Amino acid sequence: MRVPYRLATDAILSADSVVLAGHENADGDSLGCVLALTLAIRALGKRAVPLSTDGVPEIYRWMPGQEDIRPTTDERGFDLAIVCDTSAYARLGAAAEPMRSARVGMRLDHHGDLGDPFDIACVNSKAAATGEMAYQLIRRLGVPITLEMAECLLCAIVTDTGSFRFMNTSPSTLQVSADLMRRGACPAYISELVFESRSPASVRLLARALSSLQFAHEQQVAWVRLTAADFAETEASDADSEGVVNHARSMRGVRVGMLFREADDRGVRVSLRSRNGVDVAAVARQFGGGGHVMAAGCTVPMGLADAEAAVLAAVEAQLGR
Ligand SMILES: [Mn+2]
């Protein structure tokens with residue numbers, strides 16, 4: 001897979017102002033890329049404006065430079081926009097307009113879907129995290145990777161690989177991570193901050209989800225649900241449901257794990273996780289979503305029970321293929 005890093009570095013080097021944003025429901029990867037690239041672009045003496053439509057979830061509020069992130073900006077006409085960790089402007093939420101209005105649009109992403117057209121598309125679906133690609137880009141810019149950048153990039157990799165446990169972890173993922181460690185970043189420290197610093201509300205929310213556990217397809221499919229009342233009564237935020245879906249997949253014999261959550265008036269948000277190559281991205285695409293083969297999501301404009309039935313039927317069809 002040839003990634004046009006040369007075009008990407010040329011675009012950055014010839015820009016004076018750069019605006020960067022990751023996807024809605026920001027995660028360690030989207031934020032890590034936006035922040036590391038912001039630091040690198042500023043190190044080149046250029047202006048960089050980091051955006052994240054729903055701000056920075058609490059578990060990422062230690063990341064270097066995160067205090068600069070705004071949901072959006074009134075400014076338009078940046079020289080360059082860098083869309084991180086997604087293929088679509090629509091997923092940038094409030095940050096979409098300043099990003100769209102930039103003279104040059106660049107996508108830096110490890111999702112395989114086609115998405116919107118960009119002037120420069122740096123896409124590598126083999127990269128474990130977009131952070132792995134941001135590392136390659138910063139190296140090619142000739143900017144020394146500081147401890148701050150290294151912590152952002154390693155956080156991107158640690159979170160998107162589930163602490164190097166997921167199938168996407170490759171030799172190059174580990175090589176990049178080793179280099180980031182040599183620059184002072186520490187996976188144990190990052191894991192502690194991200195995975196061992198949960199809010200009581202998020203654990204109470206997890207308890208609600210686990211108590212809803214259901215199975216189908218000879219226990220090869222497991223799912224949990226979170227209602228609007230679960231969020232309200234535990235005082236949990238949307239970000240507190242991160243990782244809940246992994247519990248549905250964590251059991252012996254389960255091939256597909258799912259989380260259904262009543263999100264907003266758009267309907268039910270569905271997260272899908274699989275193993276052994278079961279393609280849940282294909283399922284998500286049937287409902288207008290997308291993602292990776294073994295980690296995908298979609299929003300279904302139905303009530304909770306109907307959404308569960310519809311997605312379960314699609315998953316069972318996928319398993320029967
Ligand atoms: Mn990612």
# chains A, B, ... in the order shown; residues from 1 in each chain; ligands from 1
call {"tool": "residues_near_ligand", "arguments": {"ligand": "ligand 1", "cutoff": "8 Å", "atoms": "only C-alpha atoms and all ligand atoms", "output": "ChimeraX atom specification"}}
result
/A:27-30,85-86,109-111,128-131,156,160
call {"tool": "closest_atom_pairs", "arguments": {"of": "stretch 198-294 of chain A", "to": "stretch 5-26 of chain A", "cutoff": "10 Å", "atoms": "only C-alpha atoms", "output": "Markdown table"}}
result
| residue | atom | partner | partner_atom | distance |
| --- | --- | --- | --- | --- |
| A:Asp238 | CA | A:Asn25 | CA | 8.1 |
| A:Ala239 | CA | A:Asn25 | CA | 7.1 |
| A:Glu242 | CA | A:Asn25 | CA | 9.3 |
call {"tool": "write_last_selection", "arguments": {"atoms": "N, CA, C and O atoms", "output": "short mmCIF file (atom, residue, chain, number, x, y, z; two decimals), in the first residue's frame"}}
result
data_model
loop_
_atom_site.label_atom_id
_atom_site.label_comp_id
_atom_site.auth_asym_id
_atom_site.auth_seq_id
_atom_site.Cartn_x
_atom_site.Cartn_y
_atom_site.Cartn_z
N ASP A 238 -21.50 10.01 27.31
CA ASP A 238 -21.34 9.11 26.18
C ASP A 238 -19.95 8.49 26.19
O ASP A 238 -19.78 7.30 25.93
N ALA A 239 -18.94 9.30 26.52
CA ALA A 239 -17.55 8.80 26.52
C ALA A 239 -17.36 7.70 27.55
O ALA A 239 -16.48 6.85 27.40
N GLU A 242 -17.15 4.01 26.41
CA GLU A 242 -16.03 3.49 25.62
C GLU A 242 -15.52 2.19 26.24
O GLU A 242 -15.34 2.08 27.44
#
call {"tool": "select_by_dssp", "arguments": {"residues": "stretch 167-279 of chain A", "states": "alpha helix (DSSP H)", "output": "ChimeraX atom specification"}}
result
/A:171-182,187-195,200-210,228-234,244-249
call {"tool": "closest_residue", "arguments": {"among": "A:Ser199, A:Ala307, A:Ala314, A:Ala216", "to": "A:Ala281", "atoms": "only C-alpha atoms"}}
result
A:Ala314
call {"tool": "residues_around", "arguments": {"residues": "A:Val244", "least_positions_apart": "6", "cutoff": "9 Å", "atoms": "only C-alpha atoms", "output": "VMD selection string"}}
result
chain A and resid 205 to 206 209 to 210 224 259
call {"tool": "residues_around", "arguments": {"residues": "A:Arg252", "least_positions_apart": "4", "cutoff": "12 Å", "atoms": "only C-alpha atoms", "output": "list in words"}}
result
Gln219, Gln220, Val221, Ala222, His247, Ala248, Val256, Gly257 and Arg275 of chain A
call {"tool": "write_last_selection", "arguments": {"atoms": "C-alpha atoms", "output": "PDB file, in the first residue's frame"}}
result
ATOM      1  CA  GLN A 219     -23.986 -18.088  21.936  1.00  0.00           C
ATOM      2  CA  GLN A 220     -21.729 -16.960  19.099  1.00  0.00           C
ATOM      3  CA  VAL A 221     -23.311 -13.508  19.253  1.00  0.00           C
ATOM      4  CA  ALA A 222     -23.499 -11.548  22.499  1.00  0.00           C
ATOM      5  CA  HIS A 247     -16.939  -7.127  27.331  1.00  0.00           C
ATOM      6  CA  ALA A 248     -19.594  -8.545  24.978  1.00  0.00           C
ATOM      7  CA  VAL A 256     -19.446 -11.085  17.507  1.00  0.00           C
ATOM      8  CA  GLY A 257     -19.987  -8.744  20.447  1.00  0.00           C
ATOM      9  CA  ARG A 275     -12.844 -12.061  16.013  1.00  0.00           C
TER      10      ARG A 275
END
call {"tool": "residues_around", "arguments": {"residues": "A:Ile138", "least_positions_apart": "2", "cutoff": "10 Å", "atoms": "only C-alpha atoms", "output": "number ranges by chain"}}
result
A: 5, 9, 36-37, 39-41, 133-136, 140-145, 149
call {"tool": "write_last_selection", "arguments": {"atoms": "C-alpha atoms", "output": "mmCIF file, in the first residue's frame"}}
result
data_model
loop_
_atom_site.group_PDB
_atom_site.id
_atom_site.type_symbol
_atom_site.label_atom_id
_atom_site.label_comp_id
_atom_site.auth_asym_id
_atom_site.auth_seq_id
_atom_site.Cartn_x
_atom_site.Cartn_y
_atom_site.Cartn_z
ATOM 1 C CA TYR A 5 3.688 10.929 2.362
ATOM 2 C CA THR A 9 4.915 16.714 3.652
ATOM 3 C CA ALA A 36 1.237 15.384 17.756
ATOM 4 C CA LEU A 37 0.837 16.958 14.319
ATOM 5 C CA LEU A 39 3.126 20.241 17.891
ATOM 6 C CA ALA A 40 5.176 19.201 14.846
ATOM 7 C CA ILE A 41 3.678 21.882 12.590
ATOM 8 C CA MET A 133 1.019 7.145 10.138
ATOM 9 C CA ALA A 134 1.367 10.496 11.912
ATOM 10 C CA TYR A 135 4.709 9.216 13.238
ATOM 11 C CA GLN A 136 5.870 8.456 9.678
ATOM 12 C CA ARG A 140 9.508 12.778 7.008
ATOM 13 C CA LEU A 141 8.953 16.426 7.939
ATOM 14 C CA GLY A 142 12.358 16.287 9.620
ATOM 15 C CA VAL A 143 10.919 17.513 12.909
ATOM 16 C CA PRO A 144 12.590 15.967 15.990
ATOM 17 C CA ILE A 145 9.973 13.953 17.891
ATOM 18 C CA MET A 149 4.724 14.284 20.574
#
call {"tool": "residues_around", "arguments": {"residues": "A:Gly112", "least_positions_apart": "5", "cutoff": "9 Å", "atoms": "only C-alpha atoms", "output": "list in words"}}
result
Ser87, Val123, Asn124, Ser125, Lys126, Gly291 and His292 of chain A
call {"tool": "closest_residue", "arguments": {"among": "A:Cys84, A:Val194, A:Leu180, A:Val278", "to": "A:Gly320", "atoms": "only C-alpha atoms"}}
result
A:Val278
call {"tool": "closest_residue", "arguments": {"among": "A:Gly115, A:Met294, A:Gln214, A:Pro50", "to": "A:Ala90", "atoms": "only C-alpha atoms"}}
result
A:Gly115
call {"tool": "residues_around", "arguments": {"residues": "A:Gly93", "least_positions_apart": "2", "cutoff": "9 Å", "atoms": "only C-alpha atoms", "output": "PDB file with N, CA and C atoms, in the first residue's frame"}}
result
ATOM      1  N   HIS A  23     -12.288  12.744  14.404  1.00  0.00           N
ATOM      2  CA  HIS A  23     -13.709  12.437  14.329  1.00  0.00           C
ATOM      3  C   HIS A  23     -14.457  12.730  15.632  1.00  0.00           C
ATOM      4  N   GLU A  24     -15.791  12.804  15.490  1.00  0.00           N
ATOM      5  CA  GLU A  24     -16.656  12.943  16.672  1.00  0.00           C
ATOM      6  C   GLU A  24     -16.445  11.722  17.578  1.00  0.00           C
ATOM      7  N   SER A  52     -11.678  19.559  17.902  1.00  0.00           N
ATOM      8  CA  SER A  52     -12.354  18.287  18.193  1.00  0.00           C
ATOM      9  C   SER A  52     -13.773  18.639  18.585  1.00  0.00           C
ATOM     10  N   THR A  53     -14.737  18.234  17.761  1.00  0.00           N
ATOM     11  CA  THR A  53     -16.097  18.745  17.910  1.00  0.00           C
ATOM     12  C   THR A  53     -16.680  18.555  19.303  1.00  0.00           C
ATOM     13  N   ASP A  54     -16.368  17.412  19.956  1.00  0.00           N
ATOM     14  CA  ASP A  54     -16.896  17.267  21.306  1.00  0.00           C
ATOM     15  C   ASP A  54     -15.803  17.371  22.362  1.00  0.00           C
ATOM     16  N   PRO A  71     -13.824  23.056  20.076  1.00  0.00           N
ATOM     17  CA  PRO A  71     -14.786  22.302  19.246  1.00  0.00           C
ATOM     18  C   PRO A  71     -14.775  22.761  17.786  1.00  0.00           C
ATOM     19  N   THR A  72     -14.639  24.093  17.576  1.00  0.00           N
ATOM     20  CA  THR A  72     -14.573  24.599  16.208  1.00  0.00           C
ATOM     21  C   THR A  72     -13.952  25.991  16.243  1.00  0.00           C
ATOM     22  N   TYR A  89     -15.887  14.266   6.155  1.00  0.00           N
ATOM     23  CA  TYR A  89     -16.069  15.564   6.821  1.00  0.00           C
ATOM     24  C   TYR A  89     -17.274  15.524   7.763  1.00  0.00           C
ATOM     25  N   ALA A  90     -18.298  14.742   7.380  1.00  0.00           N
ATOM     26  CA  ALA A  90     -19.512  14.702   8.204  1.00  0.00           C
ATOM     27  C   ALA A  90     -19.226  14.223   9.621  1.00  0.00           C
ATOM     28  N   ARG A  91     -18.149  13.450   9.785  1.00  0.00           N
ATOM     29  CA  ARG A  91     -17.831  12.936  11.128  1.00  0.00           C
ATOM     30  C   ARG A  91     -17.032  13.937  11.974  1.00  0.00           C
ATOM     31  N   ALA A  95     -16.610  20.924  13.658  1.00  0.00           N
ATOM     32  CA  ALA A  95     -15.323  21.304  13.066  1.00  0.00           C
ATOM     33  C   ALA A  95     -15.332  21.182  11.543  1.00  0.00           C
ATOM     34  N   ALA A  96     -16.411  20.649  10.980  1.00  0.00           N
ATOM     35  CA  ALA A  96     -16.409  20.351   9.541  1.00  0.00           C
ATOM     36  C   ALA A  96     -16.242  21.599   8.679  1.00  0.00           C
ATOM     37  N   GLU A  97     -16.950  22.693   9.031  1.00  0.00           N
ATOM     38  CA  GLU A  97     -16.942  23.859   8.127  1.00  0.00           C
ATOM     39  C   GLU A  97     -15.571  24.504   7.967  1.00  0.00           C
TER      40      GLU A  97
END
call {"tool": "atom_distance", "arguments": {"atom1": "atom CA of A:Arg273", "atom2": "atom CA of A:Arg321"}}
result
17.4 Å
call {"tool": "closest_residue", "arguments": {"among": "A:Leu213, A:Ala232, A:Ile190, A:Ala313", "to": "A:Ser250", "atoms": "only C-alpha atoms"}}
result
A:Leu213
call {"tool": "atom_distance", "arguments": {"atom1": "atom CA of A:Arg103", "atom2": "atom CA of A:Ile120"}}
result
11.7 Å
call {"tool": "select_by_dssp", "arguments": {"residues": "stretch 31-266 of chain A", "states": "strand (DSSP E or B)", "output": "PDB file with N, CA and C atoms, in the first residue's frame"}}
result
ATOM      1  N   ARG A  47       1.451  28.113  11.908  1.00  0.00           N
ATOM      2  CA  ARG A  47       0.302  28.166  12.796  1.00  0.00           C
ATOM      3  C   ARG A  47      -0.511  26.880  12.640  1.00  0.00           C
ATOM      4  N   ALA A  48      -0.876  26.281  13.763  1.00  0.00           N
ATOM      5  CA  ALA A  48      -1.700  25.069  13.723  1.00  0.00           C
ATOM      6  C   ALA A  48      -2.839  25.232  14.715  1.00  0.00           C
ATOM      7  N   VAL A  49      -4.051  24.928  14.259  1.00  0.00           N
ATOM      8  CA  VAL A  49      -5.244  25.061  15.094  1.00  0.00           C
ATOM      9  C   VAL A  49      -5.888  23.683  15.246  1.00  0.00           C
ATOM     10  N   PRO A  50      -5.831  23.088  16.466  1.00  0.00           N
ATOM     11  CA  PRO A  50      -6.399  21.753  16.679  1.00  0.00           C
ATOM     12  C   PRO A  50      -7.865  21.813  17.108  1.00  0.00           C
ATOM     13  N   LEU A  51      -8.713  21.037  16.438  1.00  0.00           N
ATOM     14  CA  LEU A  51     -10.147  21.035  16.735  1.00  0.00           C
ATOM     15  C   LEU A  51     -10.629  19.620  17.078  1.00  0.00           C
ATOM     16  N   ARG A  70     -10.233  23.176  20.609  1.00  0.00           N
ATOM     17  CA  ARG A  70     -11.557  23.813  20.643  1.00  0.00           C
ATOM     18  C   ARG A  70     -12.509  22.974  19.797  1.00  0.00           C
ATOM     19  N   LEU A  80      -4.329  24.690   4.792  1.00  0.00           N
ATOM     20  CA  LEU A  80      -4.399  23.229   4.759  1.00  0.00           C
ATOM     21  C   LEU A  80      -5.265  22.713   5.903  1.00  0.00           C
ATOM     22  N   ALA A  81      -6.073  21.719   5.610  1.00  0.00           N
ATOM     23  CA  ALA A  81      -6.825  21.017   6.656  1.00  0.00           C
ATOM     24  C   ALA A  81      -6.354  19.570   6.687  1.00  0.00           C
ATOM     25  N   ILE A  82      -6.093  19.046   7.890  1.00  0.00           N
ATOM     26  CA  ILE A  82      -5.716  17.636   8.017  1.00  0.00           C
ATOM     27  C   ILE A  82      -6.797  16.911   8.817  1.00  0.00           C
ATOM     28  N   VAL A  83      -7.538  16.053   8.119  1.00  0.00           N
ATOM     29  CA  VAL A  83      -8.602  15.261   8.727  1.00  0.00           C
ATOM     30  C   VAL A  83      -7.966  13.967   9.239  1.00  0.00           C
ATOM     31  N   CYS A  84      -8.044  13.746  10.554  1.00  0.00           N
ATOM     32  CA  CYS A  84      -7.343  12.608  11.152  1.00  0.00           C
ATOM     33  C   CYS A  84      -8.291  11.485  11.564  1.00  0.00           C
ATOM     34  N   VAL A 104      -6.505  23.401   0.812  1.00  0.00           N
ATOM     35  CA  VAL A 104      -6.139  22.017   0.502  1.00  0.00           C
ATOM     36  C   VAL A 104      -6.660  21.112   1.617  1.00  0.00           C
ATOM     37  N   GLY A 105      -7.292  20.021   1.237  1.00  0.00           N
ATOM     38  CA  GLY A 105      -7.806  19.065   2.219  1.00  0.00           C
ATOM     39  C   GLY A 105      -6.997  17.776   2.185  1.00  0.00           C
ATOM     40  N   MET A 106      -6.553  17.345   3.352  1.00  0.00           N
ATOM     41  CA  MET A 106      -5.771  16.111   3.441  1.00  0.00           C
ATOM     42  C   MET A 106      -6.442  15.154   4.415  1.00  0.00           C
ATOM     43  N   ARG A 107      -6.434  13.876   4.067  1.00  0.00           N
ATOM     44  CA  ARG A 107      -6.937  12.834   4.969  1.00  0.00           C
ATOM     45  C   ARG A 107      -5.759  11.976   5.404  1.00  0.00           C
ATOM     46  N   LEU A 108      -5.636  11.792   6.708  1.00  0.00           N
ATOM     47  CA  LEU A 108      -4.627  10.886   7.265  1.00  0.00           C
ATOM     48  C   LEU A 108      -5.411   9.852   8.059  1.00  0.00           C
ATOM     49  N   ASP A 109      -5.402   8.590   7.598  1.00  0.00           N
ATOM     50  CA  ASP A 109      -6.409   7.668   8.139  1.00  0.00           C
ATOM     51  C   ASP A 109      -6.018   6.211   7.907  1.00  0.00           C
ATOM     52  N   ILE A 120      -5.407  15.298  -0.978  1.00  0.00           N
ATOM     53  CA  ILE A 120      -4.352  14.340  -0.650  1.00  0.00           C
ATOM     54  C   ILE A 120      -4.953  13.307   0.300  1.00  0.00           C
ATOM     55  N   ALA A 121      -4.895  12.048  -0.084  1.00  0.00           N
ATOM     56  CA  ALA A 121      -5.447  10.988   0.768  1.00  0.00           C
ATOM     57  C   ALA A 121      -4.322  10.060   1.207  1.00  0.00           C
ATOM     58  N   CYS A 122      -3.915  10.186   2.452  1.00  0.00           N
ATOM     59  CA  CYS A 122      -2.938   9.267   3.027  1.00  0.00           C
ATOM     60  C   CYS A 122      -3.716   8.218   3.798  1.00  0.00           C
ATOM     61  N   VAL A 123      -3.870   7.059   3.202  1.00  0.00           N
ATOM     62  CA  VAL A 123      -4.685   6.012   3.810  1.00  0.00           C
ATOM     63  C   VAL A 123      -3.881   4.714   3.822  1.00  0.00           C
ATOM     64  N   GLN A 214     -27.188 -10.466  26.531  1.00  0.00           N
ATOM     65  CA  GLN A 214     -28.017 -11.458  25.831  1.00  0.00           C
ATOM     66  C   GLN A 214     -27.188 -12.193  24.791  1.00  0.00           C
ATOM     67  N   PHE A 215     -27.676 -13.375  24.408  1.00  0.00           N
ATOM     68  CA  PHE A 215     -26.969 -14.194  23.427  1.00  0.00           C
ATOM     69  C   PHE A 215     -27.904 -14.624  22.304  1.00  0.00           C
ATOM     70  N   ALA A 216     -27.306 -14.947  21.146  1.00  0.00           N
ATOM     71  CA  ALA A 216     -28.043 -15.550  20.040  1.00  0.00           C
ATOM     72  C   ALA A 216     -27.064 -16.390  19.236  1.00  0.00           C
ATOM     73  N   VAL A 221     -23.063 -14.949  19.279  1.00  0.00           N
ATOM     74  CA  VAL A 221     -23.311 -13.508  19.253  1.00  0.00           C
ATOM     75  C   VAL A 221     -23.756 -13.090  20.653  1.00  0.00           C
ATOM     76  N   ALA A 222     -23.116 -12.051  21.178  1.00  0.00           N
ATOM     77  CA  ALA A 222     -23.499 -11.548  22.499  1.00  0.00           C
ATOM     78  C   ALA A 222     -23.654 -10.045  22.401  1.00  0.00           C
ATOM     79  N   TRP A 223     -24.631  -9.514  23.120  1.00  0.00           N
ATOM     80  CA  TRP A 223     -24.774  -8.074  23.096  1.00  0.00           C
ATOM     81  C   TRP A 223     -25.274  -7.511  24.409  1.00  0.00           C
ATOM     82  N   VAL A 224     -24.971  -6.257  24.600  1.00  0.00           N
ATOM     83  CA  VAL A 224     -25.443  -5.517  25.766  1.00  0.00           C
ATOM     84  C   VAL A 224     -26.073  -4.221  25.278  1.00  0.00           C
ATOM     85  N   ARG A 225     -26.868  -3.604  26.149  1.00  0.00           N
ATOM     86  CA  ARG A 225     -27.522  -2.362  25.735  1.00  0.00           C
ATOM     87  C   ARG A 225     -27.442  -1.337  26.853  1.00  0.00           C
ATOM     88  N   LEU A 226     -27.483  -0.083  26.437  1.00  0.00           N
ATOM     89  CA  LEU A 226     -27.554   1.030  27.386  1.00  0.00           C
ATOM     90  C   LEU A 226     -28.674   1.954  26.951  1.00  0.00           C
ATOM     91  N   VAL A 256     -19.070 -12.488  17.696  1.00  0.00           N
ATOM     92  CA  VAL A 256     -19.446 -11.085  17.507  1.00  0.00           C
ATOM     93  C   VAL A 256     -20.016 -10.548  18.811  1.00  0.00           C
ATOM     94  N   GLY A 257     -19.467  -9.436  19.267  1.00  0.00           N
ATOM     95  CA  GLY A 257     -19.987  -8.744  20.447  1.00  0.00           C
ATOM     96  C   GLY A 257     -20.531  -7.387  20.030  1.00  0.00           C
ATOM     97  N   MET A 258     -21.643  -6.974  20.647  1.00  0.00           N
ATOM     98  CA  MET A 258     -22.257  -5.712  20.230  1.00  0.00           C
ATOM     99  C   MET A 258     -22.692  -4.890  21.448  1.00  0.00           C
ATOM    100  N   LEU A 259     -22.675  -3.590  21.249  1.00  0.00           N
ATOM    101  CA  LEU A 259     -23.263  -2.663  22.219  1.00  0.00           C
ATOM    102  C   LEU A 259     -24.285  -1.803  21.487  1.00  0.00           C
ATOM    103  N   PHE A 260     -25.496  -1.754  22.025  1.00  0.00           N
ATOM    104  CA  PHE A 260     -26.534  -0.864  21.504  1.00  0.00           C
ATOM    105  C   PHE A 260     -26.746   0.226  22.539  1.00  0.00           C
ATOM    106  N   ARG A 261     -26.668   1.487  22.105  1.00  0.00           N
ATOM    107  CA  ARG A 261     -26.951   2.540  23.087  1.00  0.00           C
ATOM    108  C   ARG A 261     -27.860   3.599  22.486  1.00  0.00           C
ATOM    109  N   GLU A 262     -28.823   3.987  23.296  1.00  0.00           N
ATOM    110  CA  GLU A 262     -29.723   5.069  22.900  1.00  0.00           C
ATOM    111  C   GLU A 262     -28.908   6.347  22.970  1.00  0.00           C
ATOM    112  N   ALA A 263     -28.610   6.894  21.819  1.00  0.00           N
ATOM    113  CA  ALA A 263     -27.691   8.020  21.783  1.00  0.00           C
ATOM    114  C   ALA A 263     -28.459   9.334  21.860  1.00  0.00           C
ATOM    115  N   ASP A 264     -29.068   9.717  20.767  1.00  0.00           N
ATOM    116  CA  ASP A 264     -29.796  10.982  20.708  1.00  0.00           C
ATOM    117  C   ASP A 264     -30.965  10.767  19.755  1.00  0.00           C
TER     118      ASP A 264
END
call {"tool": "atom_distance", "arguments": {"atom1": "atom CA of A:Leu312", "atom2": "atom CA of A:Ala295"}}
result
15.6 Å
